[in-house]
Every structure is written in C-alpha cells, then in structure tokens.
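First up is the structure itself, then whatever we jot down about it.
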Amino acid sequence: MAVALALALASSAAFAQDAPRTGGTLVYLEPQPHTVLYPPAGGFYPNGGILNQITDKLTYQNPQTLEIEPWIAESWEIDATSTTYTFRLRPGVTFSDGAPLDASAVALNFDTFGLGDKERNFPVSEVLNNYERSEVLDPLTVRFHFKAPSPGFLQGTSVIGSGLVSPATLRRNFAELGDARLIVGSGPFTVESETLGTELVLKAREDYAWGPAKLAHKGRAYLDAIRYVIVPEDGVRIGALTSGQGDVVRQVQAYDEEGLTSQGFAISAPSTRGVNNSIVFRPDNPLVADVKVRRALLHGTDTKAIVQTLFSGNYPVATSVLASTALGYVDLSDKLRFDATEAARLLDEAGWTIGASGLREKDGQTLELTAYESLPQPQNKAALQLVAQQWGALGVKLNVLGGDAGTAVSDNLDPAKTPVSPAMVGRADPDVLKSHFYPKNRNVLLQTGGISDKVKSFRDDRLNALLETIASETDRARRLSLAGDVQRYVVDEAYAIPIFEEPQVFGAAPDVKGLAFEAVGRPSFYGVWLDR
C-alpha cells in the first residue's frame, strides 16, 4: 500500500510539473525590426511574428494537416461556384479596445483588405482574388461576394495577412501603422510599449477566451508578457540565448545549430511551404532576355553544393519552384540538374563568347549582372557569392551588393539595374504562385519594366493566364494540376533558379515549453509557458 501510494504521489508530482504554468515574461530576440503592421503587410516575418500574437483570424489552418478549422468563425458555407462565402461568427468576441468583433467589423476588414483604400494608402491584399463586396446578414453572420470564383479565399481567411483588427485601426493611414501601439486586435496579447526599432513589449489579455476551436487551450495565454528585442548580429543573439538573456531567437544560422543542440537548446525549423528560396530573372533586361542565357545560368548553378556548403539538413535542396511540403508541388529535379557543359554550350549558342578578360562578350557588351542580397533570407549574401563563383566559371560576372545600401529598394524594382534578384514567399495554398509571379501582386519578374524608364518590353501573357486560372479554378484536382503547369513553365522558361526549401529556424531555451508555429513558420506564443 505504501509503495502504491508513493508511486501515485510521484506520478501526480510529475504530472503537476508538466502542467503549463502561468506567468513570466518571454524574451524573444528578432534580427530585424518590424515595418508596417497593416495585416496584409504581415508576410515580412518580423511583422508576422507580432501580428500572430495580437490578432485572430476567421479560420485556423492546422499546421500539421493544413486543414481549415473554426476560429472566430464557428462555421461557414461556400456556394458551388466559390463566388459566395458565408461565415457564422462566435459570439462574445471583442477587440482589446472594447469594440465588438461582429459581422460589421469583419466586413470592414475584408472590404479594406480586398478592395484597398486609396485615401488611407491601404493596398489590396495579395491573398484575396476577385473580391467584390461584403454583406452583413445579421450581427454574427457575414457574406462575401466575388466577381469570379475564388477557391483560395477560405485558406486566405486563415493567413497572417487576414488578421482581424479593430475598426479604429482601419480608420488610420497606412504610414501610421508602423507604430505597433496603434494596432488593435482581438488576440491573446496586446501591445504595452514600444521603442521603435529596438524593443516591443506585449502583455497577456486577461479576458481572452476564444482560441482556435480545436486547440485544447482556448483561454488566457500562459505568459504574462513577451519582450521583443531587436538584435541584428547573429552571434550576439546566440550568445544572449546561451547566457540566459534570451528565451527564443529567430534566424539561427545553420552553422550555429549543432552548437546549440549540443548544449541542450531546442532547434525548430518549420517549413514556409511556399515558393522556394530562389534566384529570379528580370527578362526586361536585355542581358537575360534570351531564354538560352537564363537556361545556361540555371544549369550552371550547383544548388546541392550551395546547400552542402552553407546550410544544414533543415534546408532541403529545391526540386521545384514550390517546396515539397507545399500544396501542388511537382518534382522537377531532372529539369533543374547542374550541368556546366550544357550551360557553356547554351551561352555559346546564344552568341556569348569568352573574351580576352575571361568574361563572356557579345556585340561589345560584357555579360555582367548585379543582384542585391536579401537581408531576411538566411545567409543570402554568402549564397549569392557562391552563385557568383559558379557563374564566374562560365565567364559570367555576378556583382553581389549589400542589401542595406540606400539604393537597394529602388534598384531592385528596376530591371535595368538588377536583372537578378533573390526571392521567396510562404503560403500553404497554390495561390502563392500568383502572389509571387503575377504583375499585380509581388511581380518578382518585374513584368512591364518595374519602375524602369529604359526597358518596357517583357510581359508573359501565358504565365499570367495560368496564374489567373489557378486563382479561379474550383476543382481541387484541376487547381493542383495547374500549379504543376506553372512550376514546369517557370522552369522551362528559366525565370527562376530554385535553390533550397526555406525554413524559419528558431532556437529555444530548455525551459520554454509549448512553442508552436502556424502553417508557414511564424511563431505562436499563445500556448508557450516557462518551466521555471
């Protein structure tokens, strides 16, 4: 009896020790400051890492199954043509300023996201296609109408770009919303204070009671607060984590992973499940207008060598435009093979021959290209420098410029100046292809010349038609098949060179429990607790 009682007490104590504890402040170290926190701008990971804590979404995309589950919407109906969506909302939900999160507020959010607001400089969200208008049926029922089928809309209600904010927030101007204190959501945390570009403090909302329907935890967050600290230097972030000054860090570089795990720190590397980390070309630039040149550079890029040199097993070598974890992925390994001999042959065939300087020349011009590093992408400068070495072996010069240069933003929108650019985007839906390539969305190929006044010749109507069809195709199998068609076409035209499947890599102290991530790798601190 005594032994049984002792075992029962020990088991009970162990259970109590593992039960989530309430309280404490989590210190989160982020390499970059946020920019504008208007929800459709949440694709930038520093933005999304904040918005994911202070806003809720109509629906929740299960990060394991990718199924869409209830959250602020208890249920929904979609008509047969995917042109009408009707949502029934949970009662009793409020924004942190006391405003009700009712059908009128949801309608205002999606009218703003779907149509934009020129007066306030709010752009149209890239995740909403063919949006027409909202209709409030009663205080807890809202219906959305679309000009054409919009099969990606349901998933679009679950993404960070559709975080719901108070009507008071939407009465402000886009430029004001760089101030996190002006973002009022209904999420489990609210903004307590901010030192712009340096630090942000979130505090738990005491009356929060509406977490996603299928999560076991639905009430107040376990943490009392989250302190975001901007630490650009990789080594300083890692040092702060290992010395106990930080609890979670984002963007752990591959070379630091083993050192952290050997000391008992946890590494998480959730997939972004979208368009892979790639190099894209701007065919408006005459140097890369010839598909033979682009194909030569594609085959002249040894992506396996880049990944093996710079990255870890958390960065799978890309085998297509989309990640292998993405909806609609097709394996295009054969089309992406490294073949330096074929690359040289294609350059010769395109009329670019080795000159006295060792570089390719044609009509008195040198094949010299420029790209700016992308600061948010892991080790992007080093990766581009390896690409430059590989292209250099073919007689092609690639200049790699710092991403923090004052002209980087404008130059990256000008194909005359930057014919090559790094790119990626995460979203667990085939619409991510349209977001990435379509000229009215991210327009990474800079169709119609970007901002340049020197080149205005390139537009791919076939690609754009495929992207539009993905956005409006209601048959799921057909839609996934079209996603495959786009991936094949992009590779056949060598518009992009996929390099690796990009994760978001986080390090966490051993006493951080319950760390989770949404479907494309942004952290969720709602269920986090500190075992201290």
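Residue names in the structure tokens use chain letters A, B, ... in the order shown, residue numbers from 1 in each chain, and ligand numbers from 1 in the order shown.
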Exercise. Among stretch 201-315 of chain A, which residues carry a DSSP assignment of helix (DSSP H, G or I), reported as a ChimeraX atom specification?
Worked result: /A:234-242,254-262,286-288,291-299,303-310
For this session: Please provide as a list in words all residues within 8 Å of stretch 432-437 of chain A, with the sequence filter that same-chain residues fewer than 6 positions apart are discarded (counting only C-alpha atoms).
Result: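 After dropping sequence-adjacent residues, the list is Glu126, Val127, Gly274, Val275, Met424, Val425, Gly426, Asn443, Val444, Leu445, Leu467, Glu468, Ile470, Ala471, Ala483 and Val486 of chain A.
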Problem set entry | Close residues, stretch 104-118 of chain A itself excluded, 6 Å, only C-alpha atoms, min 5 positions apart in chain, as a PyMOL selection string | chain A and resi 123-125+128+131+134
Problem set entry | Non-local contacts of A:Asp404 (12 Å; only C-alpha atoms; under 5 positions in same chain excluded) as a list in words |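 Listing them by chain and then by number gives Gln32, Tyr372, Glu373, Ser374, Leu375, Pro376, Lys381, Val409, Ser410, Asp411 and Asn412 of chain A.
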Selection above as a file: N, CA and C atoms, as an mmCIF file, in the first residue's frame:
```cif
data_model
loop_
_atom_site.group_PDB
_atom_site.id
_atom_site.type_symbol
_atom_site.label_atom_id
_atom_site.label_comp_id
_atom_site.auth_asym_id
_atom_site.auth_seq_id
_atom_site.Cartn_x
_atom_site.Cartn_y
_atom_site.Cartn_z
ATOM 1 N N GLN A 32 15.485 41.541 -37.131
ATOM 2 C CA GLN A 32 15.097 42.758 -37.848
ATOM 3 C C GLN A 32 13.894 43.414 -37.205
ATOM 4 N N TYR A 372 21.220 42.354 -55.448
ATOM 5 C CA TYR A 372 21.344 42.784 -54.057
ATOM 6 C C TYR A 372 20.999 41.605 -53.145
ATOM 7 N N GLU A 373 21.747 41.485 -52.050
ATOM 8 C CA GLU A 373 21.393 40.446 -51.081
ATOM 9 C C GLU A 373 20.038 40.787 -50.448
ATOM 10 N N SER A 374 19.333 39.751 -50.024
ATOM 11 C CA SER A 374 18.071 39.921 -49.306
ATOM 12 C C SER A 374 18.334 39.655 -47.829
ATOM 13 N N LEU A 375 18.257 40.687 -47.012
ATOM 14 C CA LEU A 375 18.599 40.552 -45.600
ATOM 15 C C LEU A 375 17.718 39.549 -44.851
ATOM 16 N N PRO A 376 16.410 39.430 -45.160
ATOM 17 C CA PRO A 376 15.608 38.469 -44.409
ATOM 18 C C PRO A 376 15.935 37.013 -44.708
ATOM 19 N N LYS A 381 23.710 36.564 -48.677
ATOM 20 C CA LYS A 381 24.892 37.132 -49.329
ATOM 21 C C LYS A 381 25.905 36.039 -49.657
ATOM 22 N N VAL A 409 16.364 49.311 -52.427
ATOM 23 C CA VAL A 409 14.924 49.151 -52.637
ATOM 24 C C VAL A 409 14.527 49.605 -54.034
ATOM 25 N N SER A 410 14.942 50.796 -54.437
ATOM 26 C CA SER A 410 14.562 51.298 -55.754
ATOM 27 C C SER A 410 15.251 50.516 -56.869
ATOM 28 N N ASP A 411 16.519 50.177 -56.685
ATOM 29 C CA ASP A 411 17.228 49.430 -57.721
ATOM 30 C C ASP A 411 16.618 48.055 -57.944
ATOM 31 N N ASN A 412 16.117 47.441 -56.874
ATOM 32 C CA ASN A 412 15.518 46.118 -57.009
ATOM 33 C C ASN A 412 14.225 46.144 -57.802
#
```
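Between A:Leu215 and the residues A:Pro70, A:Arg120, A:Ala393, A:Ala148, the shortest atom-to-atom distance, using only C-alpha atoms, involves A:Pro70.
Interatomic distance, atom CA of A:Leu515 to atom CA of A:Gly527: 6.8 Å.
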For the contact check between stretch 99-206 of chain A and stretch 77-94 of chain A, emit one row per residue of stretch 99-206 of chain A within 9 Å, containing the shortest atom pair and the distance in Å rounded to one decimal, counting only C-alpha atoms, chain then rising number order, as a tab-separated table.
```
residue	atom	partner	partner_atom	distance
A:Ala99	CA	A:Thr94	CA	5.6
A:Pro100	CA	A:Thr94	CA	4.4
A:Leu101	CA	A:Thr94	CA	4.9
A:Asp102	CA	A:Leu89	CA	7.1
A:Ala103	CA	A:Leu89	CA	7.3
A:Asn130	CA	A:Thr83	CA	8.7
A:Tyr131	CA	A:Thr83	CA	8.8
A:Pro139	CA	A:Leu89	CA	8.7
A:Leu140	CA	A:Leu89	CA	5.1
A:Thr141	CA	A:Arg88	CA	4.7
A:Val142	CA	A:Phe87	CA	5.5
A:Arg143	CA	A:Thr86	CA	4.2
A:Phe144	CA	A:Tyr85	CA	5.2
A:His145	CA	A:Thr84	CA	4.8
A:Phe146	CA	A:Thr83	CA	4.7
A:Lys147	CA	A:Thr83	CA	6.9
A:Ala148	CA	A:Thr83	CA	6.0
A:Pro149	CA	A:Thr83	CA	4.8
A:Ser150	CA	A:Ser82	CA	5.6
A:Pro151	CA	A:Ser82	CA	5.7
A:Gly152	CA	A:Ser82	CA	9.0
A:Phe153	CA	A:Tyr85	CA	8.5
A:Leu154	CA	A:Tyr85	CA	8.2
A:Ser166	CA	A:Thr94	CA	8.9
A:Gly185	CA	A:Thr94	CA	8.6
A:Ser186	CA	A:Thr94	CA	6.0
```
Exercise. For A:Gln447, which residue out of A:Lys513, A:Arg488, A:Lys214, A:Arg282 is the nearest one, using only C-alpha atoms?
Worked result: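 For A:Gln447, the nearest of the given residues is A:Arg282.
If only C-alpha atoms are the atoms counted, then among A:Thr319, A:Arg227, A:Gly449, A:Tyr438 the closest residue to A:Ala465 is A:Tyr438.
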Exercise. A:Arg532, A:Lys57, A:Arg479, A:Arg459: which is nearest A:Glu69, counting only C-alpha atoms?
Worked result: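 Among A:Arg532, A:Lys57, A:Arg479, A:Arg459, it is A:Lys57 that comes nearest to A:Glu69.
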Exercise. Skipping near chain neighbours, those fewer than 6 positions away, what residues fall within 10 Å of A:Leu310 using only C-alpha atoms, listed as a list in words?
Worked result: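 That gives Gln253, Ala254, Tyr255, Pro378, Gln379, Asn380, Ala382, Ala383 and Leu386 of chain A.
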Can I get the selected residues back with N, CA and C atoms, as a PDB file, in the first residue's frame?
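The resulting selection.pdb:
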```pdb
ATOM      1  N   GLN A 253      21.413  30.633 -37.687  1.00  0.00           N
ATOM      2  CA  GLN A 253      22.113  30.212 -38.894  1.00  0.00           C
ATOM      3  C   GLN A 253      22.525  28.746 -38.779  1.00  0.00           C
ATOM      4  N   ALA A 254      22.648  28.104 -39.933  1.00  0.00           N
ATOM      5  CA  ALA A 254      22.934  26.667 -39.953  1.00  0.00           C
ATOM      6  C   ALA A 254      24.199  26.320 -39.185  1.00  0.00           C
ATOM      7  N   TYR A 255      25.205  27.196 -39.240  1.00  0.00           N
ATOM      8  CA  TYR A 255      26.466  26.888 -38.576  1.00  0.00           C
ATOM      9  C   TYR A 255      26.372  26.969 -37.059  1.00  0.00           C
ATOM     10  N   PRO A 378      18.164  33.626 -45.087  1.00  0.00           N
ATOM     11  CA  PRO A 378      19.339  33.129 -44.371  1.00  0.00           C
ATOM     12  C   PRO A 378      20.577  33.042 -45.250  1.00  0.00           C
ATOM     13  N   GLN A 379      21.668  33.614 -44.766  1.00  0.00           N
ATOM     14  CA  GLN A 379      22.968  33.584 -45.432  1.00  0.00           C
ATOM     15  C   GLN A 379      22.858  33.921 -46.925  1.00  0.00           C
ATOM     16  N   ASN A 380      22.002  34.869 -47.236  1.00  0.00           N
ATOM     17  CA  ASN A 380      21.740  35.138 -48.647  1.00  0.00           C
ATOM     18  C   ASN A 380      22.957  35.712 -49.359  1.00  0.00           C
ATOM     19  N   ALA A 382      26.137  35.135 -48.696  1.00  0.00           N
ATOM     20  CA  ALA A 382      27.079  34.041 -48.942  1.00  0.00           C
ATOM     21  C   ALA A 382      26.594  33.130 -50.061  1.00  0.00           C
ATOM     22  N   ALA A 383      25.279  32.887 -50.091  1.00  0.00           N
ATOM     23  CA  ALA A 383      24.731  32.038 -51.155  1.00  0.00           C
ATOM     24  C   ALA A 383      24.915  32.695 -52.518  1.00  0.00           C
ATOM     25  N   LEU A 386      28.462  32.384 -53.675  1.00  0.00           N
ATOM     26  CA  LEU A 386      28.769  31.071 -54.255  1.00  0.00           C
ATOM     27  C   LEU A 386      28.220  30.962 -55.668  1.00  0.00           C
TER      28      LEU A 386
END
```
For this session: For A:Val490, please output as number ranges by chain all residues within 12 Å (counting only C-alpha atoms; exclusion window: fewer than 6 positions along the same chain).
Result: A: 275, 278-281, 291, 294-295, 298, 320-322, 332, 335-336, 433, 436-437, 445, 460, 462-464, 466-467, 483-484, 496-498
Would you save the residues of that selection, restricted to C-alpha atoms, as a PDB file, in the first residue's frame?
```pdb
ATOM      1  CA  VAL A 275       7.813  29.339 -53.300  1.00  0.00           C
ATOM      2  CA  SER A 278      15.318  31.185 -55.492  1.00  0.00           C
ATOM      3  CA  ILE A 279      17.090  33.492 -57.859  1.00  0.00           C
ATOM      4  CA  VAL A 280      14.704  35.146 -60.300  1.00  0.00           C
ATOM      5  CA  PHE A 281      15.494  36.910 -63.550  1.00  0.00           C
ATOM      6  CA  VAL A 291      15.891  32.134 -72.608  1.00  0.00           C
ATOM      7  CA  ARG A 294      18.681  32.025 -68.425  1.00  0.00           C
ATOM      8  CA  ARG A 295      18.754  28.270 -69.027  1.00  0.00           C
ATOM      9  CA  LEU A 298      20.105  27.642 -64.336  1.00  0.00           C
ATOM     10  CA  SER A 320      10.854  22.545 -57.920  1.00  0.00           C
ATOM     11  CA  VAL A 321       9.571  26.089 -57.724  1.00  0.00           C
ATOM     12  CA  LEU A 322       7.415  25.081 -54.753  1.00  0.00           C
ATOM     13  CA  LEU A 332      11.259  18.841 -61.426  1.00  0.00           C
ATOM     14  CA  LYS A 335      14.887  19.971 -65.307  1.00  0.00           C
ATOM     15  CA  LEU A 336      16.992  21.583 -62.572  1.00  0.00           C
ATOM     16  CA  LEU A 433       2.317  31.167 -57.155  1.00  0.00           C
ATOM     17  CA  HIS A 436       4.797  35.625 -56.310  1.00  0.00           C
ATOM     18  CA  PHE A 437       4.760  35.998 -60.092  1.00  0.00           C
ATOM     19  CA  LEU A 445       9.895  39.106 -62.691  1.00  0.00           C
ATOM     20  CA  ASP A 460       4.277  36.829 -70.312  1.00  0.00           C
ATOM     21  CA  ARG A 462       0.679  32.742 -70.944  1.00  0.00           C
ATOM     22  CA  LEU A 463       2.121  32.699 -67.435  1.00  0.00           C
ATOM     23  CA  ASN A 464      -0.334  35.332 -66.251  1.00  0.00           C
ATOM     24  CA  LEU A 466      -2.178  30.277 -65.852  1.00  0.00           C
ATOM     25  CA  LEU A 467      -1.889  32.235 -62.608  1.00  0.00           C
ATOM     26  CA  ALA A 483       0.011  24.631 -60.074  1.00  0.00           C
ATOM     27  CA  GLY A 484       2.179  21.920 -61.593  1.00  0.00           C
ATOM     28  CA  ALA A 496      13.751  31.208 -61.628  1.00  0.00           C
ATOM     29  CA  ILE A 497      16.515  29.040 -60.211  1.00  0.00           C
ATOM     30  CA  PRO A 498      15.143  27.335 -57.071  1.00  0.00           C
TER      31      PRO A 498
END
```
